[in-house]
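Below: the structure, in structure tokens.
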Amino acid sequence: MHVNVILFDGFETLDAFGPIEVLARDNRHLLNCYSLAGGKIVSAQGTEIITRPLSEASRDGVMLLPGGRGTRALVNDDDFLRSLRNLAENTQYCLSVCTGSALLAKAGLLDGKKATSNKKVFDWVASNSDKVFWQRKARWVTDGKFYTASGVSAGIDMALSFLADVYGKDIAKTVAKDIEYIWNEKSDDDPFAV
């Protein structure tokens, strides 16, 4: 299954690479990184990644969208939102981490769906669409083909949950053990929601 990782300047490194690590452990996934125009993208932590143009992304499989400071400008970038919507509407699954859900919401992809995001900027994320049923207390939320995770490391729990849903819980447990990660299997067990 293709995994299209959508990156942008200012993305949060762990938002992307936590789930990438989980999904890459299952050899059924072919992962590639894309950005709107392709080329070099720099994370919020200064990590440089070479990407392909978003127009070349596979129209099936999984889309993975991290969050990060770069989402603040992208919620007003019509070209990016249009391309994101086109890809997301044609993929089998859409996974987002942190403020990536703000981009999905602004693109109209989460209308009528439950979703979550990072607690520290939750109000800003929710302000991008009043058509989403925002879940403040959730490590991650699944609604149809959409998986949204709250803050940063929650993306790892979400990716493991995705593996469990698609391939079975034993696969997810094996991956969690392989990466020496204590998987929080309950999406509503959210110690960061106050």
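Here's how to read the names in the structure tokens: chain A, B, ... by the order shown, residue numbers from 1 in each chain, ligand numbers from 1 in the order shown.
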As a VMD selection string, list the residues of chain A assigned to strand (DSSP E or B) by DSSP on the backbone atoms of this structure.
chain A and resid 2 to 6 11 30 to 35 39 to 42 48 to 53 62 to 65 68 93 to 97 114 to 115 133 to 134 140 to 143 146 to 149
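For A:Ser161, the list of residues within 8 Å, based on only C-alpha atoms and with local chain neighbours fewer than 5 positions off taken out, reads A:Lys169, A:Ala172, A:Glu185.
Relative to atom CA of A:Gly70, atom CA of A:Val141 is found at 22.5 Å.
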For A:Leu81: contacts at 12 Å, only C-alpha atoms, fewer than 3 positions along chain excluded, given as a PDB file with N, CA and C atoms, in the first residue's frame:
ATOM      1  N   ILE A   6       2.841  13.942   3.265  1.00  0.00           N
ATOM      2  CA  ILE A   6       2.759  15.299   2.739  1.00  0.00           C
ATOM      3  C   ILE A   6       3.500  16.237   3.693  1.00  0.00           C
ATOM      4  N   SER A  35       5.678  17.297  -1.374  1.00  0.00           N
ATOM      5  CA  SER A  35       5.303  18.658  -0.991  1.00  0.00           C
ATOM      6  C   SER A  35       4.621  19.274  -2.207  1.00  0.00           C
ATOM      7  N   LEU A  36       4.040  20.446  -2.043  1.00  0.00           N
ATOM      8  CA  LEU A  36       3.260  21.026  -3.133  1.00  0.00           C
ATOM      9  C   LEU A  36       4.060  21.103  -4.434  1.00  0.00           C
ATOM     10  N   LEU A  54       3.651  17.105  -5.207  1.00  0.00           N
ATOM     11  CA  LEU A  54       2.399  16.501  -4.760  1.00  0.00           C
ATOM     12  C   LEU A  54       1.590  15.932  -5.922  1.00  0.00           C
ATOM     13  N   THR A  71       1.640  24.987   9.403  1.00  0.00           N
ATOM     14  CA  THR A  71       0.205  24.917   9.109  1.00  0.00           C
ATOM     15  C   THR A  71      -0.458  26.285   9.213  1.00  0.00           C
ATOM     16  N   ALA A  73       0.361  29.182   8.021  1.00  0.00           N
ATOM     17  CA  ALA A  73       0.260  29.849   6.715  1.00  0.00           C
ATOM     18  C   ALA A  73      -0.558  29.020   5.732  1.00  0.00           C
ATOM     19  N   LEU A  74      -0.434  27.698   5.802  1.00  0.00           N
ATOM     20  CA  LEU A  74      -1.088  26.840   4.818  1.00  0.00           C
ATOM     21  C   LEU A  74      -2.608  26.837   4.911  1.00  0.00           C
ATOM     22  N   VAL A  75      -3.174  27.171   6.068  1.00  0.00           N
ATOM     23  CA  VAL A  75      -4.642  27.211   6.150  1.00  0.00           C
ATOM     24  C   VAL A  75      -5.219  28.306   5.250  1.00  0.00           C
ATOM     25  N   ASN A  76      -4.355  29.204   4.773  1.00  0.00           N
ATOM     26  CA  ASN A  76      -4.796  30.267   3.865  1.00  0.00           C
ATOM     27  C   ASN A  76      -4.218  30.119   2.462  1.00  0.00           C
ATOM     28  N   ASP A  77      -3.623  28.972   2.161  1.00  0.00           N
ATOM     29  CA  ASP A  77      -3.004  28.721   0.854  1.00  0.00           C
ATOM     30  C   ASP A  77      -3.966  27.895   0.002  1.00  0.00           C
ATOM     31  N   ASP A  78      -4.714  28.560  -0.843  1.00  0.00           N
ATOM     32  CA  ASP A  78      -5.740  27.876  -1.639  1.00  0.00           C
ATOM     33  C   ASP A  78      -5.179  26.797  -2.544  1.00  0.00           C
ATOM     34  N   LEU A  84      -4.403  19.245  -1.608  1.00  0.00           N
ATOM     35  CA  LEU A  84      -4.602  18.332  -0.481  1.00  0.00           C
ATOM     36  C   LEU A  84      -5.971  17.668  -0.574  1.00  0.00           C
ATOM     37  N   ARG A  85      -6.989  18.442  -0.844  1.00  0.00           N
ATOM     38  CA  ARG A  85      -8.353  17.910  -0.950  1.00  0.00           C
ATOM     39  C   ARG A  85      -8.448  16.889  -2.081  1.00  0.00           C
ATOM     40  N   ASN A  86      -7.856  17.205  -3.228  1.00  0.00           N
ATOM     41  CA  ASN A  86      -7.879  16.297  -4.368  1.00  0.00           C
ATOM     42  C   ASN A  86      -7.233  14.954  -4.024  1.00  0.00           C
ATOM     43  N   LEU A  87      -6.081  15.001  -3.350  1.00  0.00           N
ATOM     44  CA  LEU A  87      -5.409  13.757  -2.968  1.00  0.00           C
ATOM     45  C   LEU A  87      -6.212  13.008  -1.921  1.00  0.00           C
ATOM     46  N   ALA A  88      -6.637  13.707  -0.868  1.00  0.00           N
ATOM     47  CA  ALA A  88      -7.342  13.056   0.245  1.00  0.00           C
ATOM     48  C   ALA A  88      -8.655  12.418  -0.197  1.00  0.00           C
ATOM     49  N   GLU A  89      -9.351  13.042  -1.109  1.00  0.00           N
ATOM     50  CA  GLU A  89     -10.622  12.481  -1.579  1.00  0.00           C
ATOM     51  C   GLU A  89     -10.425  11.171  -2.325  1.00  0.00           C
ATOM     52  N   GLY A 100      -2.124  19.127  11.706  1.00  0.00           N
ATOM     53  CA  GLY A 100      -2.475  18.659  10.361  1.00  0.00           C
ATOM     54  C   GLY A 100      -3.984  18.617  10.191  1.00  0.00           C
ATOM     55  N   ALA A 102      -6.046  20.787  11.196  1.00  0.00           N
ATOM     56  CA  ALA A 102      -6.519  22.128  10.806  1.00  0.00           C
ATOM     57  C   ALA A 102      -6.555  22.243   9.286  1.00  0.00           C
ATOM     58  N   LEU A 103      -5.549  21.670   8.624  1.00  0.00           N
ATOM     59  CA  LEU A 103      -5.504  21.722   7.154  1.00  0.00           C
ATOM     60  C   LEU A 103      -6.623  20.875   6.551  1.00  0.00           C
ATOM     61  N   LEU A 104      -6.846  19.685   7.106  1.00  0.00           N
ATOM     62  CA  LEU A 104      -7.941  18.842   6.615  1.00  0.00           C
ATOM     63  C   LEU A 104      -9.284  19.546   6.817  1.00  0.00           C
ATOM     64  N   ALA A 105      -9.439  20.176   7.979  1.00  0.00           N
ATOM     65  CA  ALA A 105     -10.691  20.879   8.273  1.00  0.00           C
ATOM     66  C   ALA A 105     -10.895  22.053   7.336  1.00  0.00           C
ATOM     67  N   LYS A 106      -9.853  22.849   7.139  1.00  0.00           N
ATOM     68  CA  LYS A 106      -9.959  24.036   6.279  1.00  0.00           C
ATOM     69  C   LYS A 106     -10.258  23.639   4.830  1.00  0.00           C
ATOM     70  N   ALA A 107      -9.782  22.451   4.432  1.00  0.00           N
ATOM     71  CA  ALA A 107     -10.050  21.953   3.080  1.00  0.00           C
ATOM     72  C   ALA A 107     -11.448  21.340   2.956  1.00  0.00           C
ATOM     73  N   GLY A 108     -12.199  21.311   4.067  1.00  0.00           N
ATOM     74  CA  GLY A 108     -13.554  20.773   4.038  1.00  0.00           C
ATOM     75  C   GLY A 108     -13.629  19.266   4.118  1.00  0.00           C
ATOM     76  N   LEU A 109     -12.515  18.620   4.376  1.00  0.00           N
ATOM     77  CA  LEU A 109     -12.475  17.155   4.375  1.00  0.00           C
ATOM     78  C   LEU A 109     -13.053  16.527   5.639  1.00  0.00           C
TER      79      LEU A 109
END
Exercise: A:Trp183 partners within 10 Å, only C-alpha atoms, chain neighbours under 6 positions left out, as a tab-separated table (two decimals) with C-alpha atoms, in the first residue's frame:
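Written file, selection_2.tsv:
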chain	number	residue	atom	x	y	z
A	154	ALA	CA	0.07	10.64	19.78
A	156	ILE	CA	2.61	6.89	17.01
A	157	ASP	CA	-0.40	5.56	18.93
A	158	MET	CA	-2.66	6.51	16.01
A	160	LEU	CA	-0.37	1.60	15.58
A	161	SER	CA	-4.16	1.78	15.85
A	172	ALA	CA	0.39	-3.57	15.75
A	173	LYS	CA	1.64	-5.24	18.93
A	175	VAL	CA	5.55	-3.34	15.64
A	176	ALA	CA	5.21	-1.67	19.06
A	177	LYS	CA	7.47	-4.33	20.56
For A:Leu30, find every residue with an atom within 9 Å (counting only C-alpha atoms), except residues of its own chain fewer than 5 positions away, and show them as a PDB file with C-alpha atoms, in the first residue's frame.
ATOM      1  CA  MET A   1       0.000   0.000   0.000  1.00  0.00           C
ATOM      2  CA  HIS A   2       1.329   3.442  -0.913  1.00  0.00           C
ATOM      3  CA  VAL A   3       1.856   5.926   1.921  1.00  0.00           C
ATOM      4  CA  ASN A   4       1.992   9.525   0.708  1.00  0.00           C
ATOM      5  CA  LEU A  23       4.239   2.136   8.974  1.00  0.00           C
ATOM      6  CA  ALA A  24       7.670   1.313   7.548  1.00  0.00           C
TER       7      ALA A  24
END
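What separates atom CA of A:Asp189 from atom CA of A:Trp140 is a distance of 9.4 Å.
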Expected answer as an NGL selection string: alpha helix (DSSP H) residues in stretch 56-192 of chain A
:A and (71-74 or 78-90 or 100-106 or 122-126 or 154-167 or 169-178)
Write the residues of the preceding selection, restricted to N, CA and C atoms, as a short mmCIF file (atom, residue, chain, number, x, y, z; two decimals), in the first residue's frame.
data_model
loop_
_atom_site.label_atom_id
_atom_site.label_comp_id
_atom_site.auth_asym_id
_atom_site.auth_seq_id
_atom_site.Cartn_x
_atom_site.Cartn_y
_atom_site.Cartn_z
N THR A 71 1.64 24.99 9.40
CA THR A 71 0.21 24.92 9.11
C THR A 71 -0.46 26.29 9.21
N ARG A 72 0.13 27.20 9.99
CA ARG A 72 -0.48 28.52 10.20
C ARG A 72 -0.64 29.27 8.88
N ALA A 73 0.36 29.18 8.02
CA ALA A 73 0.26 29.85 6.72
C ALA A 73 -0.56 29.02 5.73
N LEU A 74 -0.43 27.70 5.80
CA LEU A 74 -1.09 26.84 4.82
C LEU A 74 -2.61 26.84 4.91
N ASP A 78 -4.71 28.56 -0.84
CA ASP A 78 -5.74 27.88 -1.64
C ASP A 78 -5.18 26.80 -2.54
N ASP A 79 -4.00 27.02 -3.14
CA ASP A 79 -3.40 26.00 -4.01
C ASP A 79 -3.08 24.73 -3.22
N PHE A 80 -2.48 24.91 -2.05
CA PHE A 80 -2.16 23.75 -1.21
C PHE A 80 -3.43 23.03 -0.79
N LEU A 81 -4.43 23.77 -0.31
CA LEU A 81 -5.66 23.14 0.17
C LEU A 81 -6.40 22.41 -0.95
N ARG A 82 -6.40 22.98 -2.14
CA ARG A 82 -7.04 22.33 -3.28
C ARG A 82 -6.33 21.02 -3.63
N SER A 83 -4.99 21.04 -3.65
CA SER A 83 -4.21 19.83 -3.95
C SER A 83 -4.38 18.79 -2.85
N LEU A 84 -4.40 19.24 -1.61
CA LEU A 84 -4.60 18.33 -0.48
C LEU A 84 -5.97 17.67 -0.57
N ARG A 85 -6.99 18.44 -0.84
CA ARG A 85 -8.35 17.91 -0.95
C ARG A 85 -8.45 16.89 -2.08
N ASN A 86 -7.86 17.20 -3.23
CA ASN A 86 -7.88 16.30 -4.37
C ASN A 86 -7.23 14.95 -4.02
N LEU A 87 -6.08 15.00 -3.35
CA LEU A 87 -5.41 13.76 -2.97
C LEU A 87 -6.21 13.01 -1.92
N ALA A 88 -6.64 13.71 -0.87
CA ALA A 88 -7.34 13.06 0.24
C ALA A 88 -8.65 12.42 -0.20
N GLU A 89 -9.35 13.04 -1.11
CA GLU A 89 -10.62 12.48 -1.58
C GLU A 89 -10.42 11.17 -2.33
N ASN A 90 -9.22 10.95 -2.83
CA ASN A 90 -8.96 9.75 -3.64
C ASN A 90 -8.14 8.69 -2.93
N GLY A 100 -2.12 19.13 11.71
CA GLY A 100 -2.48 18.66 10.36
C GLY A 100 -3.98 18.62 10.19
N SER A 101 -4.71 18.37 11.29
CA SER A 101 -6.17 18.33 11.21
C SER A 101 -6.75 19.71 10.87
N ALA A 102 -6.05 20.79 11.20
CA ALA A 102 -6.52 22.13 10.81
C ALA A 102 -6.56 22.24 9.29
N LEU A 103 -5.55 21.67 8.62
CA LEU A 103 -5.50 21.72 7.15
C LEU A 103 -6.62 20.87 6.55
N LEU A 104 -6.85 19.69 7.11
CA LEU A 104 -7.94 18.84 6.61
C LEU A 104 -9.28 19.55 6.82
N ALA A 105 -9.44 20.18 7.98
CA ALA A 105 -10.69 20.88 8.27
C ALA A 105 -10.90 22.05 7.34
N LYS A 106 -9.85 22.85 7.14
CA LYS A 106 -9.96 24.04 6.28
C LYS A 106 -10.26 23.64 4.83
N PHE A 122 -5.50 23.85 20.39
CA PHE A 122 -6.79 23.26 20.03
C PHE A 122 -7.80 24.31 19.56
N ASP A 123 -7.88 25.42 20.28
CA ASP A 123 -8.86 26.44 19.91
C ASP A 123 -8.57 27.03 18.53
N TRP A 124 -7.28 27.24 18.21
CA TRP A 124 -6.94 27.74 16.89
C TRP A 124 -7.32 26.73 15.81
N VAL A 125 -7.01 25.46 16.05
CA VAL A 125 -7.34 24.42 15.06
C VAL A 125 -8.85 24.39 14.84
N ALA A 126 -9.61 24.36 15.94
CA ALA A 126 -11.07 24.29 15.84
C ALA A 126 -11.66 25.52 15.15
N ALA A 154 1.33 11.37 19.96
CA ALA A 154 0.07 10.64 19.78
C ALA A 154 -0.03 10.05 18.37
N GLY A 155 0.72 10.60 17.44
CA GLY A 155 0.73 10.06 16.08
C GLY A 155 1.24 8.63 16.03
N ILE A 156 2.11 8.26 16.95
CA ILE A 156 2.61 6.89 17.01
C ILE A 156 1.49 5.96 17.45
N ASP A 157 0.74 6.37 18.50
CA ASP A 157 -0.40 5.56 18.93
C ASP A 157 -1.43 5.43 17.81
N MET A 158 -1.70 6.53 17.11
CA MET A 158 -2.66 6.51 16.01
C MET A 158 -2.20 5.56 14.90
N ALA A 159 -0.92 5.62 14.53
CA ALA A 159 -0.40 4.76 13.46
C ALA A 159 -0.50 3.29 13.85
N LEU A 160 -0.22 2.98 15.11
CA LEU A 160 -0.37 1.60 15.58
C LEU A 160 -1.83 1.17 15.55
N SER A 161 -2.73 2.07 15.92
CA SER A 161 -4.16 1.78 15.85
C SER A 161 -4.60 1.54 14.40
N PHE A 162 -4.06 2.34 13.49
CA PHE A 162 -4.35 2.15 12.07
C PHE A 162 -3.92 0.75 11.63
N LEU A 163 -2.69 0.34 12.00
CA LEU A 163 -2.23 -1.02 11.66
C LEU A 163 -3.16 -2.07 12.22
N ALA A 164 -3.58 -1.88 13.48
CA ALA A 164 -4.48 -2.84 14.12
C ALA A 164 -5.81 -2.93 13.37
N ASP A 165 -6.34 -1.78 12.97
CA ASP A 165 -7.62 -1.77 12.26
C ASP A 165 -7.52 -2.44 10.89
N VAL A 166 -6.43 -2.20 10.19
CA VAL A 166 -6.30 -2.68 8.81
C VAL A 166 -5.76 -4.11 8.73
N TYR A 167 -4.77 -4.43 9.59
CA TYR A 167 -4.09 -5.71 9.47
C TYR A 167 -4.24 -6.63 10.68
N LYS A 169 -4.62 -6.65 15.30
CA LYS A 169 -3.96 -6.17 16.51
C LYS A 169 -2.59 -6.81 16.73
N ASP A 170 -2.43 -8.07 16.32
CA ASP A 170 -1.14 -8.74 16.51
C ASP A 170 -0.02 -8.03 15.75
N ILE A 171 -0.33 -7.55 14.55
CA ILE A 171 0.67 -6.81 13.77
C ILE A 171 1.08 -5.54 14.51
N ALA A 172 0.10 -4.81 15.02
CA ALA A 172 0.39 -3.57 15.75
C ALA A 172 1.22 -3.85 16.99
N LYS A 173 0.88 -4.90 17.72
CA LYS A 173 1.64 -5.24 18.93
C LYS A 173 3.07 -5.64 18.59
N THR A 174 3.25 -6.35 17.49
CA THR A 174 4.60 -6.74 17.06
C THR A 174 5.43 -5.50 16.72
N VAL A 175 4.84 -4.57 16.00
CA VAL A 175 5.55 -3.34 15.64
C VAL A 175 5.90 -2.55 16.90
N ALA A 176 4.94 -2.41 17.82
CA ALA A 176 5.21 -1.67 19.06
C ALA A 176 6.36 -2.32 19.83
N LYS A 177 6.38 -3.62 19.87
CA LYS A 177 7.47 -4.33 20.56
C LYS A 177 8.80 -4.10 19.84
N ASP A 178 8.77 -4.17 18.52
CA ASP A 178 10.00 -3.98 17.72
C ASP A 178 10.63 -2.60 17.94
#
Taking a cut-off of 10 Å and counting only C-alpha atoms, can you build a table that, for each residue of stretch 150-187 of chain A near stretch 110-117 of chain A, reports the nearest atom pair and how far apart they are in Å (one decimal), sorted by chain then residue number, as JSON lines?
{"residue": "A:Ser150", "atom": "CA", "partner": "A:Ser117", "partner_atom": "CA", "distance": 4.0}
{"residue": "A:Gly151", "atom": "CA", "partner": "A:Ser117", "partner_atom": "CA", "distance": 6.4}
{"residue": "A:Val152", "atom": "CA", "partner": "A:Ser117", "partner_atom": "CA", "distance": 9.3}
{"residue": "A:Ala154", "atom": "CA", "partner": "A:Ser117", "partner_atom": "CA", "distance": 9.6}
Report as a CSV table (one decimal) with C-alpha atoms, in the first residue's frame all protein, DNA and RNA residues lying within 7 Å of A:Gly68, evaluated on only C-alpha atoms, omitting residues in the same chain fewer than 6 positions from it.
chain,number,residue,atom,x,y,z
A,10,GLY,CA,7.9,24.1,9.3
A,11,PHE,CA,6.4,20.6,9.8
A,12,GLU,CA,6.9,18.9,13.1
A,44,ALA,CA,10.5,23.1,12.4
A,99,THR,CA,-2.3,20.7,13.6
Judged by only C-alpha atoms, the minimum distance to A:Leu95 among A:Val121, A:Leu31, A:Ala16, A:Leu64 is found for A:Leu64
